[in-house]
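Worksheet: the structure to be examined is printed underneath.
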Amino acid sequence: PQAFHVWPNPVRDALHIAWRGDLRQMPHRYAVHDILGRHRYEATVESWRGELVWDCSTQPSGSYLVSLVAADGSQIATISVIKE
């Protein structure tokens with residue numbers, strides 16, 4: 001089964017990412033970059049919640065990469081998102 005669920009995609013205002021509770025490494029923070037690699041946003045997450053919400057309402061339309069990062073700095077996953 002898929003470890004992460006992302007909705008809605010494409011997104012307009014708020015992107016939701018949820019994860020299973022049995023992951024080997026839980027997300028500690030996430031970083032958002034546009035398709036050109038420019039850093040757009042970063043925040044920590046409360047892993048125990050099992051979900052994060054990125055308020056992307058002020059970001060311009062385009063393609064973004066959302067990277068989920070563990071407490072030790074290792075990358076867990078990168079998710080491609082379209083912002084309308």
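Going through the structure tokens in order, the chains are called A, B, and so on, while each chain numbers its residues from 1 and the ligands are numbered from 1 in the order shown.
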Dump as JSON lines the rows for residues of segment 6-43 of chain A within 8 Å of segment 73-78 of chain A: closest atom pair and distance in Å with one decimal, only C-alpha atoms counted, ordered by chain and rising residue number.
{"residue": "A:Gln25", "atom": "CA", "partner": "A:Ile76", "partner_atom": "CA", "distance": 7.2}
{"residue": "A:Met26", "atom": "CA", "partner": "A:Ile76", "partner_atom": "CA", "distance": 8.0}
{"residue": "A:Pro27", "atom": "CA", "partner": "A:Ile76", "partner_atom": "CA", "distance": 7.1}
Quick one: residues within 6 Å of segment 8-21 of chain A, only C-alpha atoms, excluding same-chain residues fewer than 2 positions away - as a count of residues only?
16
Could you give me the residues within segment 16-76 of chain A that DSSP places in strand (DSSP E or B), as a PyMOL selection string?
chain A and resi 16-19+29-34+39-44+51-55+62-69+75-76
Selection from above, C-alpha atoms, as an mmCIF file, in the first residue's frame, can you write it?
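Saved to result-v4.cif:
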data_model
loop_
_atom_site.group_PDB
_atom_site.id
_atom_site.type_symbol
_atom_site.label_atom_id
_atom_site.label_comp_id
_atom_site.auth_asym_id
_atom_site.auth_seq_id
_atom_site.Cartn_x
_atom_site.Cartn_y
_atom_site.Cartn_z
ATOM 1 C CA HIS A 16 -2.886 17.852 2.395
ATOM 2 C CA ILE A 17 -0.292 15.113 2.802
ATOM 3 C CA ALA A 18 -1.022 12.179 5.114
ATOM 4 C CA TRP A 19 1.185 9.207 5.976
ATOM 5 C CA ARG A 29 9.882 18.724 8.314
ATOM 6 C CA TYR A 30 8.988 19.447 4.729
ATOM 7 C CA ALA A 31 10.459 21.721 2.104
ATOM 8 C CA VAL A 32 8.839 23.046 -1.052
ATOM 9 C CA HIS A 33 10.759 23.953 -4.204
ATOM 10 C CA ASP A 34 9.454 25.174 -7.524
ATOM 11 C CA HIS A 39 13.217 27.214 -2.278
ATOM 12 C CA ARG A 40 9.631 28.381 -1.657
ATOM 13 C CA TYR A 41 8.666 27.185 1.815
ATOM 14 C CA GLU A 42 9.783 25.026 4.715
ATOM 15 C CA ALA A 43 8.200 24.011 8.019
ATOM 16 C CA THR A 44 8.431 21.376 10.720
ATOM 17 C CA GLU A 51 -0.802 14.744 8.282
ATOM 18 C CA LEU A 52 0.445 18.153 7.221
ATOM 19 C CA VAL A 53 -1.294 20.985 5.424
ATOM 20 C CA TRP A 54 0.629 23.396 3.203
ATOM 21 C CA ASP A 55 -1.195 26.694 2.694
ATOM 22 C CA GLY A 62 3.081 26.023 -11.462
ATOM 23 C CA SER A 63 4.782 22.750 -10.592
ATOM 24 C CA TYR A 64 6.280 22.164 -7.152
ATOM 25 C CA LEU A 65 8.237 19.446 -5.394
ATOM 26 C CA VAL A 66 7.397 18.782 -1.753
ATOM 27 C CA SER A 67 10.165 16.905 0.079
ATOM 28 C CA LEU A 68 9.482 15.124 3.349
ATOM 29 C CA VAL A 69 12.555 14.951 5.572
ATOM 30 C CA GLN A 75 14.876 12.524 2.598
ATOM 31 C CA ILE A 76 11.873 10.217 2.972
#
Work out how far apart atom CA of Ala71 of chain A and atom CA of Gln59 of chain A are and give it in Å to one decimal.
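The value is 26.4 Å.
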If you measure from atom CA of Glu46 of chain A to atom CA of Gln2 of chain A, what distance in Å do you get, rounded to one decimal?
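For atom CA of Glu46 of chain A relative to atom CA of Gln2 of chain A, the distance reads 20.3 Å.
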Report the distance between atom CA of Thr58 of chain A and atom CA of Asp72 of chain A in Å, rounded to one decimal place.
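A separation of 29.9 Å between them.
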